[in-house]
$ cat data_26.txt   # compact mmCIF, C-alpha atoms and all ligand atoms
# COMPACT_ATOMS: atom_id res chain seq x y z
CA MET A 1 -43.98 48.79 -18.41
CA ALA A 2 -41.14 48.64 -15.93
CA ARG A 3 -40.95 48.32 -12.18
CA ILE A 4 -39.05 51.28 -10.83
CA LEU A 5 -37.82 51.44 -7.26
CA LEU A 6 -37.46 55.06 -6.15
CA GLY A 7 -35.26 55.93 -3.18
CA VAL A 8 -35.91 59.36 -1.70
CA SER A 9 -33.25 60.84 0.54
CA GLY A 10 -33.36 64.00 2.64
CA GLY A 11 -33.55 67.40 0.94
CA ILE A 12 -35.99 70.08 -0.03
CA ALA A 13 -36.04 68.63 -3.55
CA ALA A 14 -37.87 65.57 -2.18
CA TYR A 15 -41.09 67.25 -3.27
CA LYS A 16 -39.93 66.93 -6.90
CA ALA A 17 -39.73 63.16 -6.43
CA VAL A 18 -43.54 63.23 -6.16
CA GLU A 19 -43.68 64.70 -9.65
CA LEU A 20 -41.23 62.05 -10.84
CA VAL A 21 -43.58 59.32 -9.57
CA ARG A 22 -46.53 60.96 -11.31
CA LEU A 23 -44.67 61.11 -14.61
CA ALA A 24 -43.42 57.53 -14.29
CA THR A 25 -46.85 56.08 -13.48
CA ARG A 26 -48.44 58.10 -16.26
CA ALA A 27 -45.85 56.55 -18.61
CA GLY A 28 -47.11 53.10 -17.53
CA HIS A 29 -44.41 52.17 -15.02
CA ALA A 30 -45.12 50.67 -11.60
CA VAL A 31 -43.29 52.53 -8.82
CA ARG A 32 -42.45 51.62 -5.23
CA VAL A 33 -40.82 54.14 -2.91
CA VAL A 34 -38.33 53.74 -0.09
CA GLN A 35 -37.44 56.80 1.97
CA THR A 36 -34.65 57.67 4.35
CA PRO A 37 -35.89 58.68 7.79
CA THR A 38 -34.68 62.28 7.19
CA SER A 39 -36.55 62.61 3.91
CA ARG A 40 -39.82 62.30 5.81
CA ARG A 41 -39.15 65.74 7.29
CA PHE A 42 -39.61 67.07 3.77
CA VAL A 43 -42.33 64.83 2.30
CA GLY A 44 -44.34 62.31 4.31
CA LYS A 45 -45.03 58.68 3.47
CA ALA A 46 -48.71 59.38 2.81
CA THR A 47 -47.91 61.55 -0.21
CA PHE A 48 -45.81 58.87 -1.91
CA GLU A 49 -48.32 56.17 -0.95
CA GLY A 50 -51.03 58.26 -2.55
CA VAL A 51 -49.22 58.73 -5.84
CA THR A 52 -47.77 55.21 -6.14
CA GLY A 53 -50.78 53.32 -4.74
CA ALA A 54 -48.39 51.13 -2.73
CA PRO A 55 -46.89 51.10 0.76
CA VAL A 56 -43.75 53.16 1.38
CA LEU A 57 -40.95 51.64 3.43
CA VAL A 58 -38.45 53.48 5.59
CA HIS A 59 -36.88 50.97 7.97
CA GLU A 60 -35.03 47.74 7.29
CA PHE A 61 -37.14 45.65 9.65
CA GLU A 62 -40.47 47.10 8.66
CA PRO A 63 -42.73 44.39 7.20
CA ASP A 64 -43.87 45.24 3.70
CA PRO A 65 -47.68 44.88 3.48
CA ALA A 66 -47.25 44.30 -0.29
CA ARG A 67 -44.54 41.63 0.31
CA GLY A 68 -42.20 43.15 -2.25
CA ALA A 69 -44.84 43.30 -5.01
CA PHE A 70 -45.18 46.34 -7.25
CA PRO A 71 -48.56 47.87 -8.10
CA GLY A 72 -50.35 45.62 -10.56
CA ASP A 73 -48.52 42.44 -9.44
CA ALA A 74 -49.87 39.71 -7.19
CA ALA A 75 -48.20 39.64 -3.77
CA PRO A 76 -46.16 36.48 -3.12
CA ASP A 77 -47.18 34.15 -0.25
CA ARG A 78 -44.00 34.70 1.69
CA GLN A 79 -42.86 37.88 3.40
CA PRO A 80 -39.47 38.69 1.88
CA ILE A 81 -36.73 40.66 3.61
CA SER A 82 -38.05 44.07 2.63
CA HIS A 83 -35.10 45.61 0.78
CA LEU A 84 -34.28 42.32 -0.96
CA GLY A 85 -37.87 41.70 -2.07
CA LEU A 86 -38.12 45.13 -3.63
CA VAL A 87 -34.78 45.11 -5.42
CA ALA A 88 -35.32 41.57 -6.69
CA ARG A 89 -38.46 42.68 -8.53
CA SER A 90 -37.35 46.07 -9.79
CA HIS A 91 -35.96 46.87 -13.25
CA ALA A 92 -34.19 50.05 -12.12
CA TYR A 93 -33.32 51.77 -8.87
CA VAL A 94 -33.54 55.54 -8.99
CA ILE A 95 -32.41 57.67 -6.08
CA ALA A 96 -33.87 61.15 -6.35
CA PRO A 97 -32.99 63.34 -4.67
CA ALA A 98 -29.66 61.79 -3.77
CA SER A 99 -28.23 63.90 -0.95
CA ALA A 100 -24.49 64.42 -0.43
CA ASN A 101 -24.69 62.14 2.61
CA THR A 102 -26.46 59.34 0.69
CA LEU A 103 -23.96 59.60 -2.19
CA ALA A 104 -21.10 59.28 0.33
CA LYS A 105 -22.70 56.19 1.85
CA LEU A 106 -23.33 54.60 -1.55
CA ALA A 107 -19.74 55.26 -2.63
CA GLY A 108 -18.51 53.68 0.60
CA GLY A 109 -20.82 50.66 0.25
CA HIS A 110 -22.66 51.45 3.50
CA ALA A 111 -25.99 49.80 4.20
CA ASP A 112 -27.16 51.61 7.31
CA ASN A 113 -30.74 52.22 6.24
CA LEU A 114 -33.28 50.65 3.90
CA LEU A 115 -32.41 52.91 0.97
CA THR A 116 -28.65 52.24 1.08
CA GLY A 117 -29.12 48.54 1.94
CA ALA A 118 -31.36 48.14 -1.09
CA ALA A 119 -28.73 49.85 -3.27
CA LEU A 120 -26.07 47.42 -2.12
CA ALA A 121 -28.33 44.44 -2.79
CA SER A 122 -29.49 45.71 -6.18
CA THR A 123 -28.16 44.33 -9.46
CA VAL A 124 -30.29 46.51 -11.77
CA PRO A 125 -29.28 49.86 -13.30
CA LEU A 126 -28.75 52.52 -10.61
CA VAL A 127 -29.75 56.08 -11.49
CA LEU A 128 -28.67 58.88 -9.16
CA ALA A 129 -30.15 62.36 -9.27
CA PRO A 130 -28.15 64.45 -6.79
CA ALA A 131 -29.51 67.59 -5.16
CA MET A 132 -27.71 69.71 -2.61
CA ASN A 133 -26.24 73.09 -1.82
CA ASN A 134 -23.69 74.29 -4.43
CA HIS A 135 -20.74 74.19 -1.99
CA MET A 136 -21.57 70.61 -1.06
CA TRP A 137 -21.90 69.75 -4.76
CA GLU A 138 -18.49 71.21 -5.54
CA HIS A 139 -16.76 69.75 -2.50
CA PRO A 140 -13.92 67.37 -3.47
CA ALA A 141 -15.46 64.66 -1.30
CA THR A 142 -18.72 64.78 -3.29
CA ARG A 143 -16.81 64.92 -6.60
CA ALA A 144 -14.79 61.84 -5.60
CA ASN A 145 -17.91 59.94 -4.49
CA LEU A 146 -19.67 60.67 -7.77
CA GLU A 147 -16.61 59.63 -9.72
CA THR A 148 -16.55 56.31 -7.82
CA LEU A 149 -20.25 55.68 -8.42
CA HIS A 150 -19.99 56.62 -12.08
CA ARG A 151 -17.06 54.25 -12.53
CA ARG A 152 -19.16 51.47 -11.01
CA GLY A 153 -21.79 51.98 -13.68
CA ALA A 154 -24.32 54.30 -12.01
CA THR A 155 -26.08 56.82 -14.25
CA ILE A 156 -25.68 60.31 -12.78
CA VAL A 157 -28.38 62.79 -13.74
CA GLU A 158 -26.47 66.02 -13.18
CA PRO A 159 -28.22 68.71 -11.18
CA GLY A 160 -29.12 71.96 -12.88
CA ARG A 161 -27.79 75.45 -12.17
CA GLY A 162 -30.01 78.17 -10.81
CA PRO A 163 -31.38 79.54 -7.60
CA LEU A 164 -31.01 77.05 -4.75
CA ALA A 165 -33.29 76.44 -1.80
CA SER A 166 -31.56 78.69 0.71
CA GLU A 167 -32.20 82.33 0.14
CA GLY A 168 -29.67 84.15 -2.05
CA GLU A 169 -27.78 80.94 -3.00
CA TRP A 170 -27.28 80.34 -6.68
CA GLY A 171 -25.27 77.69 -8.53
CA ALA A 172 -25.20 73.99 -9.32
CA GLY A 173 -27.10 71.61 -7.06
CA ARG A 174 -30.77 71.88 -8.05
CA LEU A 175 -32.34 68.49 -8.66
CA ALA A 176 -32.63 67.77 -12.40
CA GLU A 177 -36.11 68.08 -13.88
CA PRO A 178 -38.27 64.99 -13.15
CA ALA A 179 -38.85 64.46 -16.90
CA ASP A 180 -35.07 64.32 -17.43
CA ILE A 181 -34.64 61.86 -14.56
CA LEU A 182 -37.35 59.61 -16.04
CA ALA A 183 -35.77 59.80 -19.51
CA ALA A 184 -32.36 58.86 -18.04
CA THR A 185 -33.96 55.96 -16.18
CA GLU A 186 -35.68 54.64 -19.28
CA ALA A 187 -32.42 54.95 -21.20
CA ALA A 188 -30.53 53.09 -18.45
CA MET A 189 -33.12 50.29 -18.53
CA GLY A 190 -33.19 50.21 -22.33
CA GLY A 191 -29.59 49.10 -22.37
CA SER A 192 -30.39 46.19 -20.11
CA ALA A 193 -32.33 42.97 -20.58
CA GLU A 194 -33.76 43.61 -17.10
CA PHE A 195 -36.29 46.02 -18.57
CA ARG A 196 -38.27 43.32 -20.33
CA PRO A 197 -40.63 41.37 -18.13
CA ARG A 198 -38.87 38.06 -17.56
CA SER A 199 -40.36 34.61 -17.93
CA LEU A 200 -39.82 33.56 -14.29
CA ASP A 201 -40.63 36.91 -12.66
CA GLY A 202 -42.28 36.33 -9.28
CA MET A 203 -41.42 32.60 -9.32
CA ARG A 204 -39.49 30.97 -6.46
CA VAL A 205 -37.03 28.31 -7.52
CA LEU A 206 -35.22 25.95 -5.17
CA VAL A 207 -32.13 24.22 -6.56
CA THR A 208 -30.00 21.58 -4.87
CA ALA A 209 -26.54 21.00 -6.27
CA GLY A 210 -23.15 19.46 -5.63
CA GLY A 211 -22.39 16.16 -3.96
CA THR A 212 -22.94 15.25 -0.33
CA ARG A 213 -20.11 13.99 1.88
CA GLU A 214 -20.81 11.42 4.55
CA PRO A 215 -18.14 11.30 7.25
CA ILE A 216 -16.13 8.11 7.84
CA ASP A 217 -14.09 9.80 10.55
CA ALA A 218 -12.95 13.32 11.43
CA VAL A 219 -11.14 13.81 8.09
CA ARG A 220 -12.44 11.23 5.61
CA PHE A 221 -15.75 10.90 3.87
CA VAL A 222 -17.79 8.93 1.36
CA GLY A 223 -18.48 11.34 -1.47
CA ASN A 224 -18.94 11.61 -5.21
CA ARG A 225 -17.54 13.50 -8.16
CA SER A 226 -20.35 16.02 -8.62
CA SER A 227 -18.92 19.55 -8.96
CA GLY A 228 -22.27 21.34 -8.70
CA ARG A 229 -21.81 22.99 -12.13
CA THR A 230 -25.19 21.94 -13.52
CA GLY A 231 -27.04 23.13 -10.42
CA VAL A 232 -25.17 26.43 -10.28
CA ALA A 233 -25.91 26.97 -14.00
CA LEU A 234 -29.60 26.25 -13.31
CA ALA A 235 -29.66 28.71 -10.40
CA ALA A 236 -27.96 31.43 -12.47
CA GLU A 237 -30.32 30.91 -15.41
CA ALA A 238 -33.44 30.91 -13.19
CA ARG A 239 -32.21 34.16 -11.62
CA ARG A 240 -31.59 35.67 -15.05
CA ARG A 241 -35.20 34.81 -15.93
CA GLY A 242 -36.38 36.79 -12.90
CA ALA A 243 -36.93 34.04 -10.32
CA GLU A 244 -36.14 34.35 -6.62
CA VAL A 245 -33.60 31.54 -6.32
CA THR A 246 -32.33 29.54 -3.35
CA LEU A 247 -29.45 27.16 -3.92
CA ILE A 248 -28.73 24.40 -1.42
CA ALA A 249 -25.07 23.75 -2.13
CA ALA A 250 -23.44 20.49 -1.10
CA ASN A 251 -19.69 21.08 -1.01
CA ILE A 252 -19.49 23.44 -3.98
CA THR A 253 -16.40 25.55 -4.50
CA LEU A 254 -17.59 27.31 -7.67
CA GLU A 255 -18.25 31.02 -7.91
CA ARG A 256 -21.62 31.99 -6.47
CA PRO A 257 -24.03 33.47 -9.03
CA GLU A 258 -25.15 36.99 -8.25
CA GLY A 259 -28.52 37.42 -6.60
CA VAL A 260 -28.90 33.77 -5.61
CA ARG A 261 -29.53 32.87 -1.97
CA TRP A 262 -26.93 30.26 -1.09
CA ILE A 263 -27.21 27.66 1.71
CA ASP A 264 -24.15 25.49 2.37
CA VAL A 265 -24.63 21.88 3.46
CA GLU A 266 -22.29 18.89 3.69
CA THR A 267 -24.20 15.68 4.36
CA ALA A 268 -27.38 14.12 2.99
CA ALA A 269 -29.04 14.71 6.36
CA GLU A 270 -28.17 18.44 6.28
CA LEU A 271 -29.40 18.67 2.70
CA GLU A 272 -32.64 16.97 3.68
CA ARG A 273 -33.20 19.39 6.58
CA ALA A 274 -32.49 22.45 4.42
CA ALA A 275 -34.64 21.22 1.51
CA SER A 276 -37.60 20.34 3.75
CA ALA A 277 -37.43 23.78 5.35
CA GLU A 278 -37.42 25.50 1.94
CA LEU A 279 -39.97 23.30 0.14
CA ALA A 280 -43.14 25.15 1.14
CA ALA A 281 -41.82 28.44 -0.24
CA ALA A 282 -40.82 27.04 -3.64
CA ASP A 283 -42.81 26.94 -6.87
CA VAL A 284 -40.16 24.86 -8.63
CA VAL A 285 -37.67 22.37 -7.15
CA LEU A 286 -34.69 21.31 -9.24
CA MET A 287 -32.99 18.44 -7.44
CA ALA A 288 -29.62 18.37 -9.17
CA ALA A 289 -27.59 17.35 -6.10
CA ALA A 290 -25.87 13.98 -6.09
CA VAL A 291 -27.13 12.77 -2.74
CA SER A 292 -25.29 9.85 -1.25
CA ASP A 293 -27.58 6.82 -1.00
CA PHE A 294 -25.53 5.37 1.87
CA ARG A 295 -23.48 6.72 4.74
CA PRO A 296 -21.12 5.14 7.27
CA ALA A 297 -23.31 3.76 10.03
CA GLU A 298 -20.93 4.74 12.80
CA PRO A 299 -18.54 7.49 11.79
CA ALA A 300 -15.51 7.74 14.07
CA ARG A 301 -15.25 10.98 16.02
CA ASP A 302 -11.46 11.16 15.67
CA LYS A 303 -9.17 10.20 12.80
CA LEU A 304 -9.00 6.44 12.30
CA LYS A 305 -5.49 5.00 12.80
CA LYS A 306 -3.99 2.18 10.78
CA ASP A 307 -2.90 0.44 13.97
CA GLY A 308 -1.26 -2.32 11.91
CA ARG A 309 -4.63 -3.53 10.57
CA GLU A 310 -4.75 -5.55 7.35
CA GLY A 311 -7.96 -3.96 6.20
CA ILE A 312 -10.95 -2.16 7.45
CA THR A 313 -14.66 -2.67 6.87
CA ILE A 314 -17.00 0.28 6.94
CA GLU A 315 -20.63 -0.51 7.38
CA LEU A 316 -22.94 1.72 5.37
CA GLU A 317 -26.55 2.47 6.13
CA PRO A 318 -29.07 4.03 3.73
CA THR A 319 -29.78 7.77 3.79
CA ALA A 320 -33.29 9.11 3.34
CA ASP A 321 -34.45 9.69 -0.23
CA VAL A 322 -34.78 13.47 -0.04
CA LEU A 323 -36.56 13.87 -3.36
CA LEU A 324 -39.14 11.22 -2.52
CA ALA A 325 -39.82 12.93 0.81
CA LEU A 326 -40.22 16.30 -0.95
CA SER A 327 -42.55 14.75 -3.50
CA GLN A 328 -44.70 13.27 -0.74
CA ALA A 329 -44.84 16.61 1.12
CA ARG A 330 -45.41 18.87 -1.86
CA HIS A 331 -48.51 20.96 -2.38
CA THR A 332 -50.38 21.47 -5.63
CA GLY A 333 -48.86 23.88 -8.09
CA GLN A 334 -45.27 22.91 -7.31
CA THR A 335 -43.08 21.50 -10.06
CA LEU A 336 -40.52 18.87 -9.03
CA VAL A 337 -37.62 17.87 -11.25
CA GLY A 338 -35.26 15.02 -10.42
CA PHE A 339 -31.94 14.07 -11.98
CA ALA A 340 -30.80 10.60 -12.84
CA ALA A 341 -27.24 9.54 -13.52
CA GLU A 342 -27.41 6.27 -15.41
CA HIS A 343 -24.98 4.06 -17.27
CA GLY A 344 -25.59 3.59 -21.00
CA ASP A 345 -28.36 1.31 -22.25
CA GLY A 346 -31.35 0.93 -20.03
CA GLY A 347 -30.89 4.47 -18.68
CA LEU A 348 -34.12 5.68 -20.17
CA ARG A 349 -36.10 2.87 -18.58
CA GLN A 350 -34.44 3.48 -15.20
CA ALA A 351 -35.10 7.21 -15.43
CA ARG A 352 -38.76 6.70 -16.32
CA GLY A 353 -39.02 4.37 -13.35
CA LYS A 354 -37.73 7.21 -11.13
CA LEU A 355 -40.19 9.69 -12.66
CA GLU A 356 -43.08 7.43 -11.71
CA ARG A 357 -41.77 6.02 -8.41
CA LYS A 358 -40.86 9.42 -7.01
CA GLY A 359 -43.95 11.20 -8.39
CA LEU A 360 -41.96 13.80 -10.35
CA ASP A 361 -42.92 16.17 -13.15
CA ALA A 362 -39.67 15.61 -15.02
CA VAL A 363 -36.42 13.70 -14.78
CA VAL A 364 -33.20 14.93 -16.37
CA LEU A 365 -31.18 11.93 -17.48
CA ASN A 366 -27.39 12.01 -17.72
CA ASP A 367 -25.47 9.18 -19.33
CA ILE A 368 -22.47 8.73 -17.03
CA SER A 369 -20.82 6.17 -19.28
CA ARG A 370 -19.76 9.14 -21.47
CA THR A 371 -16.44 10.75 -20.49
CA ASP A 372 -16.84 13.93 -22.57
CA ILE A 373 -19.85 15.18 -20.61
CA GLY A 374 -21.14 15.14 -17.05
CA PHE A 375 -19.31 15.30 -13.75
CA GLU A 376 -16.24 17.56 -13.94
CA SER A 377 -16.92 18.71 -17.50
CA HIS A 378 -18.29 22.12 -18.51
CA HIS A 379 -20.49 20.34 -21.04
CA ASN A 380 -23.46 18.13 -20.79
CA GLU A 381 -26.00 16.32 -22.93
CA VAL A 382 -29.23 15.20 -21.35
CA THR A 383 -32.63 13.68 -22.03
CA ILE A 384 -35.58 15.28 -20.28
CA LEU A 385 -38.36 12.83 -19.48
CA THR A 386 -41.88 13.91 -18.63
CA ALA A 387 -45.22 12.11 -18.56
CA ALA A 388 -45.70 13.33 -22.14
CA GLY A 389 -42.50 11.87 -23.54
CA GLU A 390 -38.80 12.52 -23.94
CA ARG A 391 -36.78 15.41 -25.21
CA GLN A 392 -33.14 15.19 -26.19
CA VAL A 393 -30.94 18.21 -25.38
CA SER A 394 -27.82 17.95 -27.51
CA ARG A 395 -24.30 18.42 -26.20
CA GLY A 396 -23.61 21.98 -25.08
CA GLU A 397 -22.24 24.19 -22.33
CA LYS A 398 -23.93 23.45 -19.00
CA SER A 399 -25.46 26.94 -19.11
CA VAL A 400 -27.17 26.11 -22.43
CA VAL A 401 -28.41 22.78 -21.09
CA ALA A 402 -29.68 24.61 -17.97
CA ALA A 403 -31.67 26.97 -20.22
CA ALA A 404 -33.23 23.98 -22.02
CA ILE A 405 -34.21 22.42 -18.68
CA LEU A 406 -35.84 25.67 -17.56
CA ASP A 407 -37.66 25.96 -20.91
CA GLU A 408 -39.13 22.54 -20.18
CA VAL A 409 -40.13 23.63 -16.65
CA GLU A 410 -41.87 26.68 -18.12
CA THR A 411 -43.72 24.49 -20.63
CA LEU A 412 -44.81 22.10 -17.86
CA ARG A 413 -46.10 24.99 -15.74
CA ALA A 414 -47.90 26.61 -18.66
CA GLU A 415 -49.60 23.29 -19.46
CA SER A 416 -50.61 22.70 -15.85
CA VAL A 417 -52.45 26.04 -15.60
CA GLU A 418 -54.29 25.32 -18.84
CA LEU A 419 -55.80 22.12 -17.44
CA PRO A 420 -59.49 22.38 -16.51
CA GLN A 421 -60.11 22.81 -12.76
N1 LIG B 1 -31.86 11.77 -4.47
C1 LIG B 1 -32.32 12.18 -3.25
N2 LIG B 1 -31.97 11.53 -2.11
C2 LIG B 1 -31.16 10.46 -2.15
C3 LIG B 1 -30.68 10.03 -3.38
C4 LIG B 1 -31.04 10.71 -4.52
O1 LIG B 1 -33.06 13.14 -3.20
N3 LIG B 1 -30.83 9.87 -1.02
C5 LIG B 1 -32.29 12.48 -5.68
C6 LIG B 1 -31.18 13.08 -6.50
O2 LIG B 1 -30.93 14.43 -6.16
C7 LIG B 1 -31.70 12.97 -7.91
C8 LIG B 1 -32.55 11.72 -7.86
O3 LIG B 1 -32.93 11.57 -6.51
O4 LIG B 1 -32.52 14.06 -8.26
C9 LIG B 1 -31.78 10.54 -8.29
O5 LIG B 1 -32.52 9.41 -8.02
P1 LIG B 1 -31.91 8.09 -7.38
O6 LIG B 1 -32.89 7.05 -7.65
O7 LIG B 1 -31.56 8.15 -5.97
O8 LIG B 1 -30.61 8.05 -8.18
P2 LIG B 1 -29.40 7.15 -7.95
O9 LIG B 1 -28.86 7.27 -6.59
O10 LIG B 1 -28.52 7.47 -9.10
O11 LIG B 1 -30.24 5.83 -8.12
P3 LIG B 1 -29.98 4.31 -8.19
O12 LIG B 1 -28.92 4.02 -7.25
O13 LIG B 1 -31.32 3.84 -7.78
O14 LIG B 1 -29.70 4.09 -9.60

$ encode --input "data_26.txt" --output "C-alpha cells"
Amino acid sequence: MARILLGVSGGIAAYKAVELVRLATRAGHAVRVVQTPTSRRFVGKATFEGVTGAPVLVHEFEPDPARGAFPGDAAPDRQPISHLGLVARSHAYVIAPASANTLAKLAGGHADNLLTGAALASTVPLVLAPAMNNHMWEHPATRANLETLHRRGATIVEPGRGPLASEGEWGAGRLAEPADILAATEAAMGGSAEFRPRSLDGMRVLVTAGGTREPIDAVRFVGNRSSGRTGVALAAEARRRGAEVTLIAANITLERPEGVRWIDVETAAELERAASAELAAADVVLMAAAVSDFRPAEPARDKLKKDGREGITIELEPTADVLLALSQARHTGQTLVGFAAEHGDGGLRQARGKLERKGLDAVVLNDISRTDIGFESHHNEVTILTAAGERQVSRGEKSVVAAAILDEVETLRAESVELPQ
C-alpha cells in the first residue's frame, strides 16, 4: 500500500482523475487530493472527498482537518503546514490532469498555489499526466517545459490521440487512461525506496547539532570543535526513515539534508529557547549539540582592544543545562537521547552518571581521547548506554553510526509500547 498525493489541475479531463482515485484505492493505495482553484470549475471538492474518504485542499493557508494524514493513518497532534504535511507523508505525487499552465509553472519552479507549492516541496517521484488542446500540446513552450521536467526526473504519462473536448478537434492531448497513469505511478514508486512504509513514518524527531559560540566581544567567542556532522547525519537518516525532522543547528556550515527543517542558532541560550519551543512537538530528541557549559559573564559590546595590557581575564558563568531542562519538561512517550564526550578510562561510568542524572533513555558516548574519530572526522565509534546495558558501535562513517543510533531509538520505543499500562 502506498500513499499517493494526487494534484488535479484545471481541464475537462479532471473527471477522469475521479476514476484514477477509484482505481488507486481499489488497488489498496491511500489517496489525498489537492486541487487548483480552476479545477473546481470542472469537478468539485465533494466528489474527490467522497472517493478518497479524506479532505481535499485547495489553498495554501487552508487548515487540513486530517493534519496531513492519509486515509488509514492516525492524524498527528500538530497541524502541519498543509502542503508540507502532505508531501512529507506521500510516496508519490501524481498530477492528473496536468494543464499546460500547471506544467509551465512546474518547469519554472513556481509555487503560487497549493498544488505547485507541494510539487516544489516534494522529494518523492513526480508523475505528470498532461491533458490539453492539441495546439497547446504541440506548442514549443509546452514541449520545452515537458523536456525540462523530464530531465529533472519526472515521469510523463503521454496523452493519447483522439477526439478532444472541443467539438471537431482531434489530435494529441487527451489525458492518458487512468489505468495507465496508475501503472506508471506504481512503476515510478517501485524504483524508489520511498514506496515501502518506512520505520519512522509519522514520527517527529528533533535533533540538535554543532557547537555553540558564546561571545567574548563583538568578534570573538568561546566555542568548541564540534562540526555538527554527527547531528546532520542523524537528521538525514531519520528523514530517510520517514520522520518529520527538525534540526537545531549551532554554527553548522555543512550541506543541509533535503527535507529537514533547519533552525540556526549561535549561543547556548538561543539553542535552549529553540529546543524548549520544539520539545512538545517531538517524539524523539537527539541532543548531539556540544553546548558550552560556560559563557563570558559580561561580553563586551565592541571589539576588545589590547590597550597595552599584559593579559586579560574573562569571567565565565554557567549556562543552563538544556538537556536536563528538556528532560524535566518532557511528557510521556518522548524518547530523549544525550551525548557524552569523555576522555578514555572512566568514560563509561561518567556517561552512565549522565544517563541517570539527566533522566535520559540513552546516552551516546564518544571517546575524545581518540584522534581518528570524533570532532572533525567523518568517522566515529560510539557506545550506546541505556538502562538495559551497553552496546558498542564499531568504527564507521558517521552516517552508519547514525543508523545504529536510530536502530537503538527504534528498539527503545518498541520496548516502551510493549510495557503493560
Ligand atoms: N548539554 C546541554 N546543555 C549544556 C551542556 C550539555 O544540553 N549546557 C547536553 C549535550 O548536548 C549532551 C549532554 O548534555 O547531549 C552532555 O552532557 P554534559 O554533562 O553537559 O557533558 P559535558 O559538558 O561533556 O559534561 P562534563 O563537563 O560534566 O563532563

$ closest_atom_pairs --input "data_26.txt" --of "chain A" --to "ligand LIG 1 (chain B)" --cutoff "7 Å" --atoms "all atoms listed in the file" --output "JSON lines"
{"residue": "A:Ala268", "atom": "CA", "partner": "B:LIG1", "partner_atom": "N3", "distance": 6.8}
{"residue": "A:Met287", "atom": "CA", "partner": "B:LIG1", "partner_atom": "O4", "distance": 4.5}
{"residue": "A:Ala288", "atom": "CA", "partner": "B:LIG1", "partner_atom": "O2", "distance": 5.1}
{"residue": "A:Ala289", "atom": "CA", "partner": "B:LIG1", "partner_atom": "O2", "distance": 4.4}
{"residue": "A:Ala290", "atom": "CA", "partner": "B:LIG1", "partner_atom": "O2", "distance": 5.1}
{"residue": "A:Val291", "atom": "CA", "partner": "B:LIG1", "partner_atom": "C3", "distance": 4.5}
{"residue": "A:Ser292", "atom": "CA", "partner": "B:LIG1", "partner_atom": "N3", "distance": 5.5}
{"residue": "A:Asp293", "atom": "CA", "partner": "B:LIG1", "partner_atom": "N3", "distance": 4.5}
{"residue": "A:Thr319", "atom": "CA", "partner": "B:LIG1", "partner_atom": "N3", "distance": 5.4}
{"residue": "A:Ala320", "atom": "CA", "partner": "B:LIG1", "partner_atom": "N3", "distance": 5.1}
{"residue": "A:Asp321", "atom": "CA", "partner": "B:LIG1", "partner_atom": "N2", "distance": 3.6}
{"residue": "A:Val322", "atom": "CA", "partner": "B:LIG1", "partner_atom": "O1", "distance": 3.6}
{"residue": "A:Leu323", "atom": "CA", "partner": "B:LIG1", "partner_atom": "O1", "distance": 3.6}
{"residue": "A:Leu324", "atom": "CA", "partner": "B:LIG1", "partner_atom": "O1", "distance": 6.4}
{"residue": "A:Gly338", "atom": "CA", "partner": "B:LIG1", "partner_atom": "O4", "distance": 3.6}
{"residue": "A:Phe339", "atom": "CA", "partner": "B:LIG1", "partner_atom": "O4", "distance": 3.8}
{"residue": "A:Ala340", "atom": "CA", "partner": "B:LIG1", "partner_atom": "C9", "distance": 4.7}
{"residue": "A:Ala341", "atom": "CA", "partner": "B:LIG1", "partner_atom": "O10", "distance": 5.0}
{"residue": "A:Glu342", "atom": "CA", "partner": "B:LIG1", "partner_atom": "O10", "distance": 6.5}
{"residue": "A:Lys354", "atom": "CA", "partner": "B:LIG1", "partner_atom": "O6", "distance": 6.0}

$ residues_around --input "data_26.txt" --residues "A:Asp302" --least-positions-apart "5" --cutoff "9 Å" --atoms "only C-alpha atoms" --output "count of residues only"
3

$ atom_distance --input "data_26.txt" --atom1 "atom CA of A:Leu5" --atom2 "atom CA of A:Thr148"
21.8 Å

$ closest_residue --input "data_26.txt" --among "A:Asp345, A:Glu147, A:Asp283, A:Glu258" --to "A:Asp77" --atoms "all atoms listed in the file"
A:Asp283

$ atom_distance --input "data_26.txt" --atom1 "atom CA of A:Trp137" --atom2 "atom CA of A:Glu60"
28.3 Å

$ residues_around --input "data_26.txt" --residues "stretch 406-417 of chain A" --least-positions-apart "6" --cutoff "8 Å" --atoms "only C-alpha atoms" --output "ChimeraX atom specification"
/A:234,237-238,335,361

$ residues_around --input "data_26.txt" --residues "A:Val205" --least-positions-apart "3" --cutoff "7 Å" --atoms "only C-alpha atoms" --output "PyMOL selection string"
chain A and resi 243-246+282-285

$ atom_distance --input "data_26.txt" --atom1 "atom CA of A:Thr116" --atom2 "atom CA of A:Ala187"
22.8 Å

$ closest_residue --input "data_26.txt" --among "A:Leu6, A:Leu200, A:Ala402, A:Ala281" --to "A:Pro76" --atoms "all atoms listed in the file"
A:Ala281

$ residues_around --input "data_26.txt" --residues "A:Pro65" --least-positions-apart "4" --cutoff "10 Å" --atoms "all atoms listed in the file" --output "MDAnalysis selection string"
chainID A and resid 54:57 69 75 79 82

$ residues_around --input "data_26.txt" --residues "A:His135" --least-positions-apart "4" --cutoff "9 Å" --atoms "all atoms listed in the file" --output "list in words"
His139, Gly171, Ala172 and Gly173 of chain A

$ closest_residue --input "data_26.txt" --among "A:Leu103, A:Ala209, A:Ala387, A:Ala275" --to "A:Leu326" --atoms "only C-alpha atoms"
A:Ala275
